[in-house]
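Structure file protein-v9.txt; described as compact mmCIF, C-alpha atoms.
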# COMPACT_ATOMS: atom_id res chain seq x y z
CA MET A 484 108.20 82.97 80.00
CA SER A 485 110.76 80.18 80.43
CA SER A 486 111.87 78.99 83.87
CA GLY A 487 115.30 80.44 83.09
CA THR A 488 113.92 83.98 83.14
CA ASN A 489 110.98 83.64 85.54
CA PRO A 490 111.73 85.61 88.76
CA SER A 491 109.88 82.95 90.78
CA ALA A 492 112.54 80.38 89.85
CA ALA A 493 115.18 82.13 92.00
CA ARG A 494 116.16 80.62 95.36
CA ILE A 495 118.37 81.52 98.34
CA VAL A 496 121.41 79.21 98.50
CA SER A 497 123.15 80.52 101.65
CA VAL A 498 123.49 83.54 103.94
CA LYS A 499 126.74 84.51 105.67
CA PRO A 500 128.31 87.57 107.34
CA LEU A 501 130.03 90.10 105.08
CA GLU A 502 132.92 92.35 106.07
CA ASN A 503 132.71 95.99 104.98
CA LYS A 504 136.00 95.63 103.10
CA ASP A 505 134.40 92.97 100.91
CA ALA A 506 131.13 94.86 100.28
CA ARG A 507 130.51 96.54 96.92
CA TRP A 508 127.29 98.48 97.50
CA LEU A 509 126.69 98.88 101.23
CA ASN A 510 128.64 99.31 104.47
CA LEU A 511 127.55 98.86 108.08
CA VAL A 512 128.48 101.92 110.13
CA GLN A 513 128.14 103.04 113.74
CA ILE A 514 126.82 106.56 114.28
CA GLU A 515 127.60 108.41 117.51
CA TYR A 516 125.15 111.16 118.37
CA LEU A 517 123.89 113.32 121.22
CA THR A 518 120.35 112.90 122.51
CA PRO A 519 118.25 115.94 123.56
CA ASP A 520 119.18 115.30 127.20
CA GLY A 521 122.91 115.41 126.39
CA GLN A 522 123.70 111.70 126.45
CA THR A 523 126.07 110.16 123.91
CA ARG A 524 124.61 107.13 122.16
CA GLN A 525 125.47 104.85 119.25
CA TRP A 526 123.32 103.69 116.36
CA GLU A 527 123.99 101.02 113.76
CA ALA A 528 123.10 101.94 110.19
CA ILE A 529 123.63 101.00 106.56
CA HIS A 530 125.58 103.38 104.33
CA ARG A 531 125.33 103.19 100.54
CA THR A 532 128.78 103.55 99.02
CA THR A 533 127.82 104.29 95.41
CA THR A 534 125.82 107.55 95.66
CA PRO A 535 127.27 109.95 93.05
CA LYS A 536 128.54 113.26 94.43
CA SER A 537 126.85 114.91 91.46
CA SER A 538 123.41 113.49 92.39
CA PRO A 539 120.84 116.27 93.08
CA GLY A 540 120.21 116.43 96.82
CA GLY A 541 122.28 113.32 97.41
CA VAL A 542 119.51 111.16 95.92
CA ASP A 543 120.48 107.50 95.55
CA SER A 544 117.55 106.14 93.56
CA VAL A 545 114.49 107.00 91.52
CA HIS A 546 111.14 105.21 91.52
CA ILE A 547 108.81 105.60 88.54
CA ILE A 548 105.03 105.71 88.90
CA ALA A 549 104.11 105.07 85.26
CA VAL A 550 100.54 105.00 83.99
CA ARG A 551 99.30 103.81 80.63
CA SER A 552 97.97 106.38 78.19
CA CYS A 553 96.51 105.63 74.78
CA SER A 554 94.66 108.02 72.51
CA SER A 555 92.41 105.23 71.23
CA ASP A 556 91.29 104.32 74.78
CA PRO A 557 91.73 107.33 77.12
CA SER A 558 89.55 105.74 79.82
CA ARG A 559 92.03 102.90 80.35
CA LYS A 560 93.85 103.73 83.62
CA GLU A 561 96.57 101.24 84.50
CA ILE A 562 99.82 101.42 86.46
CA LEU A 563 103.03 99.60 85.61
CA LEU A 564 104.54 97.30 88.24
CA GLU A 565 107.32 94.72 88.26
CA LYS A 566 108.02 91.29 89.71
CA GLN A 567 111.63 90.83 90.78
CA PHE A 568 113.31 88.39 93.17
CA ARG A 569 114.91 90.22 96.10
CA PRO A 570 117.43 88.12 98.06
CA PRO A 571 117.04 89.98 101.41
CA ALA A 572 113.30 89.24 101.35
CA GLY A 573 113.84 85.76 99.95
CA LYS A 574 110.81 86.29 97.73
CA VAL A 575 109.69 87.82 94.46
CA CYS A 576 108.77 91.43 95.22
CA ILE A 577 106.08 93.60 93.68
CA GLU A 578 107.74 96.92 92.93
CA PHE A 579 107.66 100.11 90.91
CA PRO A 580 110.27 100.37 88.15
CA ALA A 581 113.30 101.91 89.84
CA GLY A 582 117.05 102.26 89.77
CA LEU A 583 120.16 104.03 91.02
CA VAL A 584 121.19 107.44 89.75
CA ASP A 585 124.32 107.44 87.58
CA PRO A 586 127.05 110.13 87.89
CA ASN A 587 126.12 113.44 86.23
CA GLU A 588 122.59 112.18 85.52
CA SER A 589 119.42 114.17 86.16
CA ILE A 590 116.53 112.61 88.05
CA GLU A 591 114.34 112.67 84.93
CA THR A 592 117.01 111.10 82.71
CA CYS A 593 117.55 108.35 85.28
CA ALA A 594 113.81 107.64 85.48
CA LEU A 595 113.32 107.30 81.73
CA ARG A 596 116.52 105.28 81.34
CA GLU A 597 115.55 102.81 84.07
CA LEU A 598 112.01 102.55 82.70
CA ARG A 599 113.34 101.66 79.25
CA GLU A 600 116.01 99.27 80.56
CA GLU A 601 113.75 97.38 82.95
CA THR A 602 110.52 97.26 80.93
CA GLY A 603 111.34 98.25 77.34
CA TYR A 604 108.78 101.06 77.45
CA VAL A 605 109.53 104.61 76.34
CA GLY A 606 107.83 107.04 78.72
CA GLU A 607 107.35 110.77 79.20
CA VAL A 608 107.84 112.61 82.49
CA MET A 609 104.82 114.33 84.02
CA GLY A 610 104.67 117.08 86.58
CA LYS A 611 107.33 119.10 88.38
CA VAL A 612 110.97 119.01 87.30
CA GLY A 613 112.97 117.02 89.85
CA GLY A 614 110.10 114.76 90.77
CA SER A 615 108.64 114.43 94.23
CA MET A 616 110.12 115.68 97.47
CA VAL A 617 113.25 113.82 98.54
CA MET A 618 112.27 110.87 100.75
CA PHE A 619 114.20 108.61 103.11
CA GLY A 620 113.33 105.01 102.32
CA SER A 621 114.18 103.57 105.74
CA PRO A 622 115.42 106.36 108.04
CA ALA A 623 115.80 104.07 111.07
CA SER A 624 118.46 102.01 109.31
CA SER A 625 119.78 104.04 106.36
CA ALA A 626 120.25 107.58 105.05
CA ALA A 627 119.45 106.43 101.50
CA LYS A 628 117.27 108.94 99.64
CA THR A 629 114.84 108.49 96.78
CA VAL A 630 112.42 110.52 94.70
CA PHE A 631 109.35 109.52 92.72
CA ILE A 632 108.88 110.49 89.10
CA HIS A 633 105.42 110.43 87.53
CA ALA A 634 105.40 109.27 83.92
CA THR A 635 103.02 108.27 81.16
CA ILE A 636 103.54 105.50 78.64
CA ASP A 637 101.63 105.86 75.38
CA THR A 638 101.14 102.22 74.42
CA CYS A 639 99.61 103.31 71.11
CA LYS A 640 103.00 104.54 69.89
CA PRO A 641 104.98 102.17 67.65
CA GLU A 642 107.97 102.09 70.03
CA ASN A 643 105.73 100.74 72.80
CA GLN A 644 103.90 98.07 70.81
CA THR A 645 106.42 95.29 71.45
CA PRO A 646 108.69 96.54 74.26
CA VAL A 647 111.97 94.71 74.84
CA ALA A 648 113.81 95.26 78.11
CA GLU A 649 117.57 95.88 78.26
CA LEU A 650 118.29 93.99 81.47
CA GLU A 651 121.72 93.80 83.07
CA ASP A 652 123.43 90.49 83.76
CA GLY A 653 121.67 88.87 86.72
CA GLU A 654 118.47 90.91 86.35
CA PHE A 655 115.21 88.99 85.85
CA ILE A 656 112.25 91.37 85.83
CA GLU A 657 108.67 90.75 84.78
CA PRO A 658 106.68 93.96 84.11
CA PHE A 659 102.89 93.87 84.32
CA TRP A 660 99.96 96.27 84.25
CA VAL A 661 97.36 96.65 87.01
CA PRO A 662 94.14 98.71 86.75
CA LEU A 663 94.37 101.66 89.14
CA ALA A 664 90.79 101.11 90.25
CA SER A 665 91.63 97.65 91.59
CA LEU A 666 95.25 98.23 92.66
CA HIS A 667 94.55 97.78 96.37
CA SER A 668 92.70 94.49 95.96
CA GLN A 669 95.25 93.20 93.44
CA ILE A 670 98.14 93.96 95.80
CA ARG A 671 96.38 92.19 98.67
CA ARG A 672 95.78 89.19 96.43
CA LEU A 673 99.45 89.08 95.41
CA ALA A 674 100.49 89.26 99.08
CA GLU A 675 98.18 86.35 99.88
CA GLU A 676 99.79 84.39 97.03
CA GLY A 677 103.17 84.76 98.72
CA PHE A 678 104.70 87.74 96.93
CA ALA A 679 106.59 90.32 98.98
CA ILE A 680 105.09 93.80 98.60
CA ASP A 681 107.54 96.67 98.41
CA SER A 682 106.44 99.21 101.01
CA LYS A 683 106.34 102.02 98.46
CA VAL A 684 103.83 100.11 96.33
CA GLY A 685 101.85 99.09 99.40
CA ILE A 686 101.66 102.62 100.79
CA TYR A 687 100.64 103.98 97.39
CA ALA A 688 97.83 101.41 97.19
CA GLU A 689 96.74 102.10 100.78
CA GLY A 690 96.64 105.83 100.02
CA LEU A 691 94.35 105.23 97.04
CA GLU A 692 92.14 103.01 99.20
CA MET A 693 91.97 105.63 101.97
CA GLY A 694 90.92 108.22 99.40
CA ARG A 695 88.23 105.88 98.16
CA LEU A 696 86.94 105.27 101.69
CA LEU A 697 86.94 108.96 102.60
CA ASN A 698 84.96 109.73 99.46
CA GLY A 699 82.41 107.10 100.36
CA ALA A 700 83.12 104.94 97.35
Using the file provided, produce a representation of the structure as structure tokens.
Amino acid sequence: MSSGTNPSAARIVSVKPLENKDARWLNLVQIEYLTPDGQTRQWEAIHRTTTPKSSPGGVDSVHIIAVRSCSSDPSRKEILLEKQFRPPAGKVCIEFPAGLVDPNESIETCALRELREETGYVGEVMGKVGGSMVMFGSPASSAAKTVFIHATIDTCKPENQTPVAELEDGEFIEPFWVPLASLHSQIRRLAEEGFAIDSKVGIYAEGLEMGRLLNGA
């Protein structure tokens, strides 16, 4: 990978205040609410301005938990992650493939579209239609909602032999596979190397580790 496309080559140049009128994706809002004891209070929050009215349940984004499947090696259990520079963190983040829902787009269509665009892989949706329960990503600061879609990627299929991403201008994403059995230790290693760990990936890894500990593994 050349330095021109390596996410680690990105750098913060400056940070400055932004007026809501100049913001494209987010606004800062003040919420006035009543507490249980009847007091009126204010709360500062971030409001996403691009959520489609047609989005099921007001969902803003979809995250894809994609695992490798291959008929020639069914025992190979790996999960697909990404490296992407995130300016608010000032670091390259370890994330699940993810993206915003387009107008009049189903959750499943969004998931498979984002998976193909960001990684080049063609996947298949697993499980319940509509994905996981609707989740608030950061309810103390935003009402943004997301769902998780489980997917499989058959890397034995011709279309997944040499995947080519369809990245948007300004996107620099490096997909990589991690064995599920060592996900927790791999994530800790990446954190020690200076990568930022997206909380959704970290919580997923911690959940797997808790299951392992409870089972006495």
Given only C-alpha atoms as the basis, pick out the residue of A:Ala506, A:Leu517, A:Ala493, A:Leu564 nearest to Phe659 of chain A.
A:Leu564
Please determine, counting all atoms listed in the file, which residue among A:Val605, A:Leu673, A:Leu691, A:Lys611 has the shortest atom-to-atom distance to Pro641 of chain A.
A:Val605
For Arg531 of chain A, list every protein, DNA or RNA residue within 8 Å, evaluated using only C-alpha atoms, and leave out those in the same chain fewer than 4 positions away; present the list as a list in words.
Trp508, Leu509, Asn510 and Ala627 of chain A
Which residues, protein or nucleic acid, reach to within 6 Å of (114.0, 97.1, 75.3) in the file's coordinates when using all atoms listed in the file, and can you give that as a VMD selection string?
chain A and resid 603 646 to 649
Pick from A:Val612, A:Ile495, A:Val661, A:Val584: nearest to Ser537 of chain A, with all atoms listed in the file counted?
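Looking only at the distances to Ser537 of chain A, the closest residue turns out to be A:Val584.
Each of A:Ser682, A:Ile547, A:Tyr687, A:Arg695 was checked against Cys576 of chain A using only C-alpha atoms; the smallest atom-to-atom distance is that of A:Ser682.
Nearest residue to Thr638 of chain A among A:Ser558, A:Ser552, A:Ser625, A:Asn587 is A:Ser552, counting all atoms listed in the file.
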Env of Gln567 of chain A: 7 Å cut, atoms = all atoms listed in the file, seq-sep filter 4 positions within chain, self excluded. Answer as a list in words.
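Residues near the query, excluding close chain neighbours: Pro490, Val575, Cys576, Ile577, Phe655, Ile656 and Glu657 of chain A.
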Between A:Leu650, A:Ala674, A:Leu666, A:Leu563, which has the minimum distance to Glu689 of chain A (counting only C-alpha atoms)?
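Closest residue, counting only C-alpha atoms: A:Leu666.
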Gap from atom CA of Met618 of chain A to atom CA of Ile632 of chain A - Å, one decimal
12.1 Å
Counting all atoms listed in the file, find residues at most 12 Å from (95.2, 97.1, 88.4) (file frame) and give them as a CSV table (one decimal) with C-alpha atoms, in the coordinates of the input.
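So out13.csv came out as:
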chain,number,residue,atom,x,y,z
A,550,VAL,CA,100.5,105.0,84.0
A,551,ARG,CA,99.3,103.8,80.6
A,559,ARG,CA,92.0,102.9,80.4
A,560,LYS,CA,93.8,103.7,83.6
A,561,GLU,CA,96.6,101.2,84.5
A,562,ILE,CA,99.8,101.4,86.5
A,563,LEU,CA,103.0,99.6,85.6
A,564,LEU,CA,104.5,97.3,88.2
A,659,PHE,CA,102.9,93.9,84.3
A,660,TRP,CA,100.0,96.3,84.2
A,661,VAL,CA,97.4,96.6,87.0
A,662,PRO,CA,94.1,98.7,86.8
A,663,LEU,CA,94.4,101.7,89.1
A,664,ALA,CA,90.8,101.1,90.2
A,665,SER,CA,91.6,97.6,91.6
A,666,LEU,CA,95.2,98.2,92.7
A,667,HIS,CA,94.6,97.8,96.4
A,668,SER,CA,92.7,94.5,96.0
A,669,GLN,CA,95.2,93.2,93.4
A,670,ILE,CA,98.1,94.0,95.8
A,671,ARG,CA,96.4,92.2,98.7
A,672,ARG,CA,95.8,89.2,96.4
A,673,LEU,CA,99.4,89.1,95.4
A,688,ALA,CA,97.8,101.4,97.2
A,691,LEU,CA,94.4,105.2,97.0
Atom CA of Asn489 of chain A to atom CA of Glu651 of chain A, straight-line distance in Å:
15.0 Å
Find the distance between atom CA of Leu696 of chain A and atom CA of Ala634 of chain A and write it in Å to one decimal.
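Interatomic distance here is 25.9 Å.
Excluding Glu588 of chain A and any residue on its chain fewer than 6 positions from it, the residues at most 10 Å away by all atoms listed in the file are Pro535, Ser537, Ser538, Pro539 and Ala594 of chain A.
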Determine, counting all atoms listed in the file, which protein, DNA and RNA residues have an atom within 9 Å of an atom of Thr629 of chain A; residues of the same chain fewer than 5 positions away are not included. Present the result as a ChimeraX atom specification.
/A:541-546,615-620
Padding 4 Å on every side, please: axis-aligned box over the listed atoms of segment 564-571 of chain A, centre and edge lengths to one decimal in Å, as lines of an AutoDock Vina configuration file.
center_x = 111.0
center_y = 92.7
center_z = 94.8
size_x = 20.9
size_y = 17.2
size_z = 21.2
